[in-house]
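Peer 1: Below are the structure tokens for one structure; questions will follow.
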Amino acid sequence: MDTIFVQGGTPLAGSVRVGGSKNSALGILAGSLLADGVVTLRNVPRIGDIHTMVELLNGLGAATRFIDPTSLEIDPSRVHCLEAPYELVRKMRASFNVLGPLLARFGFARVPVPGGCDIGARPVNFHLEGLRKMGAHIHVEHGVYTAEARKLDGARIYLDFQSAGSTQHLMTAAALAAGTTIIENCAAEPEVVDLANFLNSMGASVEGAGTNQITIQGVERLHGAEFSIIPDRLEAGTFAIAAAITKGDILITGAVEDHMRPVLNKLDEAGVTVESLPQGLRVAASGRARAVDIKTMPHPGFPTDMQQPFAAILAGAAGTSIITENVYESRFRYVNELNRMGANLRVEGRNCVITGVDRLTGAPVTGTDLRAGAALICAGMAAEGETEITGVEHIDRGYDNIVGKLQGLGASISRGE
Ligand code: EPU
């Protein structure tokens, strides 16, 4: 098992380029199953979760190949297997989202019940209820959902929570349904907008993405297309936090400021300089950060994925901060690990009270999920001495070469056994 070793104390400097969005690419890869021609995707991140999704598409019979390091060609015309294997759905929840496209295109799909994970229960009831409203018959037996529908019909669907995954999933299913689908109280994440743009580039009719109501006019067929995936706002946010926590001064190129407003706004409130330049986003900090309160919300609220790395800044900030996690019931597993480094975080239900300390010290720690790993890397770069981070496989799921990119910014970080 790999370990990341971080020696704290070096302010980051220089510039770093952001890769394509993981969460957008995952939805788009699943959506590519709807096409009856070749789909060419640009700006695809080279990360573990994408490899898992590509493996799944291949298993279903699609032909995929990387034509350059970040361009992926997918030919879904020969899909013949309509069953997703358990090992892949267990490994990555987003693989559940092939159910709708398979059902819409072939009238049948079998996908295992996805598990929970280290950030909460994560049920799929919104996905299932939406598909049922569209006329799908779905039952579960021996841990596998079997879904059938001669033809999906448009429907009016109201989501109890603005769930990103179910909004993306239902949009793809509705793209080939007969008639109009309206998804109310849906997610407005940039990744949802990107998926809508992708579907429209294949000939779909999706309107309203980026608001809390999306209307999809079903079409008979979707053709192949070429499409470039948006930059990853969460990777960009992680670099911004890394710059702030090391009191560095960096330029993040390729980041879309508009997608990052909630995080940049909190950085500003904490006393970090954020400047939009023609070349990219400059993030710089000199003094100690100020304590700030954060409430996670669906977009355009503060993203749950960023509360973990942000907590690393607040751990050393002047004053007491409160993070309220409104999206997942248990996304605080990293707290014990930060406390091993001398931080003072206390969880009370959905709140985490962070009393800023004067210094963090390096320690052996474990990242229990992707963003927890990112939080520990950030904390390690601010701590005195060496931090050894295990659980690197989680980090590899969502960050392309984070060690190399941080080295490029001058961080004293390496990876080994
Ligand atoms: N929910 C339900 N029922 C459902 C679906 C969701 O109760 O059928 C609940 C969830 O349990 C959660 C809330 O609704 O409490 C929001 O879940 P959402 O569906 O928005 O999350 P997701 O689509 O499963 C995506 C990202 C996550 C990110 C969340 C929130 C992908 C592949 N994953 O998950 O990304 O945290 O949206 O923005 O798009 C990450 O990148 O580290 C990550 C976990």
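Simple scheme: letters A, B, ... for chains in structure tokens order, numbers from 1 for residues in each chain, numbers from 1 for ligands in the order shown.
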Show which residues sit within 12 Å of Arg122 (chain A), as a PyMOL selection string. Count only C-alpha atoms, and ignore same-chain residues fewer than 5 positions away.

Peer 2: chain A and resi 93-94+96+113-117+127+163-166+327-331

Peer 1: List all protein, DNA and RNA residues that have an atom no more than 8 Å from any atom of ligand 1, counting only C-alpha atoms and all ligand atoms, and report them as a PyMOL selection string.

Peer 2: chain A and resi 22-24+26-27+93-94+119-128+161-168+187+189+191+234+298-299+303-305+326-329+369-371+398

Peer 1: Could you take the residues named above and write them with N, CA and C atoms, as a CSV table (one decimal), in the first residue's frame?

Peer 2:
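Written out: again-v1.csv:
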```
chain,number,residue,atom,x,y,z
A,22,LYS,N,-14.1,15.3,-12.4
A,22,LYS,CA,-14.4,13.9,-12.1
A,22,LYS,C,-16.0,13.7,-12.2
A,23,ASN,N,-16.7,14.5,-11.4
A,23,ASN,CA,-18.1,14.2,-11.3
A,23,ASN,C,-18.9,14.5,-12.5
A,24,SER,N,-18.4,15.4,-13.3
A,24,SER,CA,-19.0,15.7,-14.6
A,24,SER,C,-18.7,14.5,-15.6
A,26,LEU,N,-17.9,11.5,-15.0
A,26,LEU,CA,-18.6,10.2,-14.6
A,26,LEU,C,-20.0,10.2,-15.2
A,27,GLY,N,-20.8,11.3,-15.0
A,27,GLY,CA,-22.1,11.4,-15.5
A,27,GLY,C,-22.2,11.3,-17.0
A,93,ARG,N,-19.9,4.1,-6.6
A,93,ARG,CA,-21.3,4.4,-6.6
A,93,ARG,C,-21.8,5.0,-7.9
A,94,ALA,N,-21.0,5.8,-8.5
A,94,ALA,CA,-21.5,6.5,-9.7
A,94,ALA,C,-21.8,5.5,-10.9
A,119,ILE,N,-18.9,8.3,4.0
A,119,ILE,CA,-19.4,9.6,4.2
A,119,ILE,C,-20.9,9.6,4.5
A,120,GLY,N,-21.5,8.4,4.6
A,120,GLY,CA,-22.9,8.4,4.9
A,120,GLY,C,-23.6,7.2,4.2
A,121,ALA,N,-24.9,7.1,4.4
A,121,ALA,CA,-25.7,6.0,3.9
A,121,ALA,C,-25.8,6.0,2.3
A,122,ARG,N,-26.1,7.1,1.8
A,122,ARG,CA,-26.2,7.3,0.3
A,122,ARG,C,-27.2,6.3,-0.4
A,123,PRO,N,-28.5,6.4,-0.1
A,123,PRO,CA,-29.5,5.6,-0.7
A,123,PRO,C,-29.7,6.0,-2.2
A,124,VAL,N,-30.5,5.2,-2.9
A,124,VAL,CA,-30.7,5.6,-4.4
A,124,VAL,C,-32.3,5.7,-4.6
A,125,ASN,N,-33.0,6.0,-3.5
A,125,ASN,CA,-34.5,6.0,-3.7
A,125,ASN,C,-34.9,7.1,-4.7
A,126,PHE,N,-34.2,8.2,-4.7
A,126,PHE,CA,-34.7,9.3,-5.7
A,126,PHE,C,-34.5,8.8,-7.1
A,127,HIS,N,-33.4,8.1,-7.4
A,127,HIS,CA,-33.2,7.5,-8.7
A,127,HIS,C,-34.3,6.6,-9.1
A,128,LEU,N,-34.6,5.7,-8.1
A,128,LEU,CA,-35.6,4.6,-8.4
A,128,LEU,C,-37.0,5.2,-8.6
A,161,PHE,N,-34.7,16.2,-2.2
A,161,PHE,CA,-33.4,16.9,-2.0
A,161,PHE,C,-32.8,17.2,-3.3
A,162,GLN,N,-32.0,18.3,-3.4
A,162,GLN,CA,-31.4,18.6,-4.7
A,162,GLN,C,-30.2,17.7,-4.9
A,163,SER,N,-30.4,16.5,-5.2
A,163,SER,CA,-29.4,15.5,-5.4
A,163,SER,C,-28.7,15.5,-6.7
A,164,ALA,N,-27.4,15.6,-6.7
A,164,ALA,CA,-26.7,15.8,-8.0
A,164,ALA,C,-26.8,14.5,-8.8
A,165,GLY,N,-26.5,13.4,-8.2
A,165,GLY,CA,-26.5,12.1,-8.9
A,165,GLY,C,-27.8,11.7,-9.5
A,166,SER,N,-28.9,11.9,-8.7
A,166,SER,CA,-30.2,11.5,-9.3
A,166,SER,C,-30.7,12.5,-10.4
A,167,THR,N,-30.3,13.8,-10.2
A,167,THR,CA,-30.7,14.7,-11.3
A,167,THR,C,-30.0,14.3,-12.6
A,168,GLN,N,-28.7,13.9,-12.5
A,168,GLN,CA,-27.9,13.5,-13.7
A,168,GLN,C,-28.5,12.2,-14.3
A,187,ALA,N,-30.8,19.4,-8.7
A,187,ALA,CA,-29.5,20.0,-8.4
A,187,ALA,C,-29.2,21.0,-9.5
A,189,GLU,N,-25.8,22.0,-9.9
A,189,GLU,CA,-24.4,21.9,-10.0
A,189,GLU,C,-23.8,22.1,-11.4
A,191,GLU,N,-21.8,20.5,-12.8
A,191,GLU,CA,-21.6,19.1,-13.5
A,191,GLU,C,-23.0,18.7,-14.1
A,234,LEU,N,-13.5,21.1,-7.8
A,234,LEU,CA,-13.0,20.6,-6.5
A,234,LEU,C,-11.5,20.4,-6.4
A,298,PRO,N,-26.4,22.1,-1.3
A,298,PRO,CA,-26.3,21.9,-2.7
A,298,PRO,C,-25.8,23.2,-3.4
A,299,HIS,N,-25.2,23.1,-4.6
A,299,HIS,CA,-24.8,24.2,-5.3
A,299,HIS,C,-25.9,25.2,-5.6
A,303,PRO,N,-19.8,23.6,-1.2
A,303,PRO,CA,-19.9,22.2,-1.5
A,303,PRO,C,-19.4,21.3,-0.3
A,304,THR,N,-20.1,20.3,-0.1
A,304,THR,CA,-19.7,19.3,1.0
A,304,THR,C,-18.3,18.8,0.8
A,305,ASP,N,-17.9,18.6,-0.5
A,305,ASP,CA,-16.6,18.0,-0.8
A,305,ASP,C,-15.5,18.9,-0.3
A,326,ASN,N,-24.7,19.6,5.9
A,326,ASN,CA,-26.2,19.4,5.6
A,326,ASN,C,-26.4,18.4,4.5
A,327,VAL,N,-25.4,17.9,3.9
A,327,VAL,CA,-25.6,17.0,2.7
A,327,VAL,C,-25.5,15.6,3.1
A,328,TYR,N,-24.4,15.2,3.9
A,328,TYR,CA,-24.2,13.9,4.3
A,328,TYR,C,-24.3,13.8,5.8
A,329,GLU,N,-24.8,12.7,6.3
A,329,GLU,CA,-24.9,12.6,7.8
A,329,GLU,C,-23.6,12.3,8.5
A,369,ASP,N,-11.6,8.8,3.0
A,369,ASP,CA,-12.3,8.9,1.7
A,369,ASP,C,-11.5,10.0,0.9
A,370,LEU,N,-11.9,10.2,-0.3
A,370,LEU,CA,-11.1,11.0,-1.2
A,370,LEU,C,-10.8,12.4,-0.6
A,371,ARG,N,-11.8,13.1,-0.2
A,371,ARG,CA,-11.6,14.5,0.3
A,371,ARG,C,-11.0,14.5,1.7
A,398,GLY,N,-9.8,10.4,-7.3
A,398,GLY,CA,-10.3,11.7,-7.7
A,398,GLY,C,-9.3,12.7,-8.1
```

Peer 1: From a DSSP calculation on the backbone, collect every residue of region 150-261 of chain A in strand (DSSP E) and output the set as JSON, numbers by chain.

Peer 2: {"A": [156, 157, 158, 180, 181, 182, 183, 184, 205, 206, 207, 213, 214, 215, 216, 217, 225, 226, 227, 228, 249, 250, 251, 252, 253]}

Peer 1: Selected residues, C-alpha atoms, written as a PDB file, in the first residue's frame, please.

Peer 2:
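What ended up in result30.pdb:
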```
ATOM      1  CA  ARG A 156     -43.130  15.114 -13.642  1.00  0.00           C
ATOM      2  CA  ILE A 157     -40.604  14.271 -10.943  1.00  0.00           C
ATOM      3  CA  TYR A 158     -40.027  16.138  -7.686  1.00  0.00           C
ATOM      4  CA  THR A 180     -41.655  15.660 -21.660  1.00  0.00           C
ATOM      5  CA  THR A 181     -39.978  15.115 -18.306  1.00  0.00           C
ATOM      6  CA  ILE A 182     -39.805  17.869 -15.720  1.00  0.00           C
ATOM      7  CA  ILE A 183     -37.452  17.409 -12.772  1.00  0.00           C
ATOM      8  CA  GLU A 184     -38.371  19.779  -9.954  1.00  0.00           C
ATOM      9  CA  SER A 205     -33.480  18.686 -25.774  1.00  0.00           C
ATOM     10  CA  VAL A 206     -32.639  19.634 -22.184  1.00  0.00           C
ATOM     11  CA  GLU A 207     -33.530  23.059 -20.821  1.00  0.00           C
ATOM     12  CA  GLN A 213     -36.151  22.841 -12.620  1.00  0.00           C
ATOM     13  CA  ILE A 214     -35.045  20.982 -15.714  1.00  0.00           C
ATOM     14  CA  THR A 215     -37.279  20.162 -18.668  1.00  0.00           C
ATOM     15  CA  ILE A 216     -36.334  17.361 -21.023  1.00  0.00           C
ATOM     16  CA  GLN A 217     -38.149  16.782 -24.262  1.00  0.00           C
ATOM     17  CA  ALA A 225     -20.666  13.934 -30.553  1.00  0.00           C
ATOM     18  CA  GLU A 226     -17.413  15.552 -29.534  1.00  0.00           C
ATOM     19  CA  PHE A 227     -17.458  17.304 -26.190  1.00  0.00           C
ATOM     20  CA  SER A 228     -14.995  18.880 -23.766  1.00  0.00           C
ATOM     21  CA  ASP A 249       0.984  32.505  -3.594  1.00  0.00           C
ATOM     22  CA  ILE A 250      -0.120  30.453  -6.606  1.00  0.00           C
ATOM     23  CA  LEU A 251      -1.868  30.738  -9.925  1.00  0.00           C
ATOM     24  CA  ILE A 252      -4.509  28.134 -10.735  1.00  0.00           C
ATOM     25  CA  THR A 253      -4.994  27.940 -14.476  1.00  0.00           C
TER      26      THR A 253
END
```

Peer 1: For Gly301 (chain A), which residue out of A:Arg350, A:Arg261, A:Arg78, A:Arg42 is the nearest one, using only C-alpha atoms?

Peer 2: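 Answer, going by the shortest atom-to-atom distance: A:Arg261.
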
Peer 1: Write out as a ChimeraX atom specification the set of residues from region 59-239 of chain A that DSSP, computed on the backbone, places in alpha helix (DSSP H).

Peer 2: /A:59-60,86-91,99-106,125-133,164-175,190-201,233-239

Peer 1: For region 282-284 of chain A, please output as a ChimeraX atom specification all residues within 10 Å (counting only C-alpha atoms; exclusion window: fewer than 6 positions along the same chain).

Peer 2: /A:11-15,239-253,264,267-268,271-276
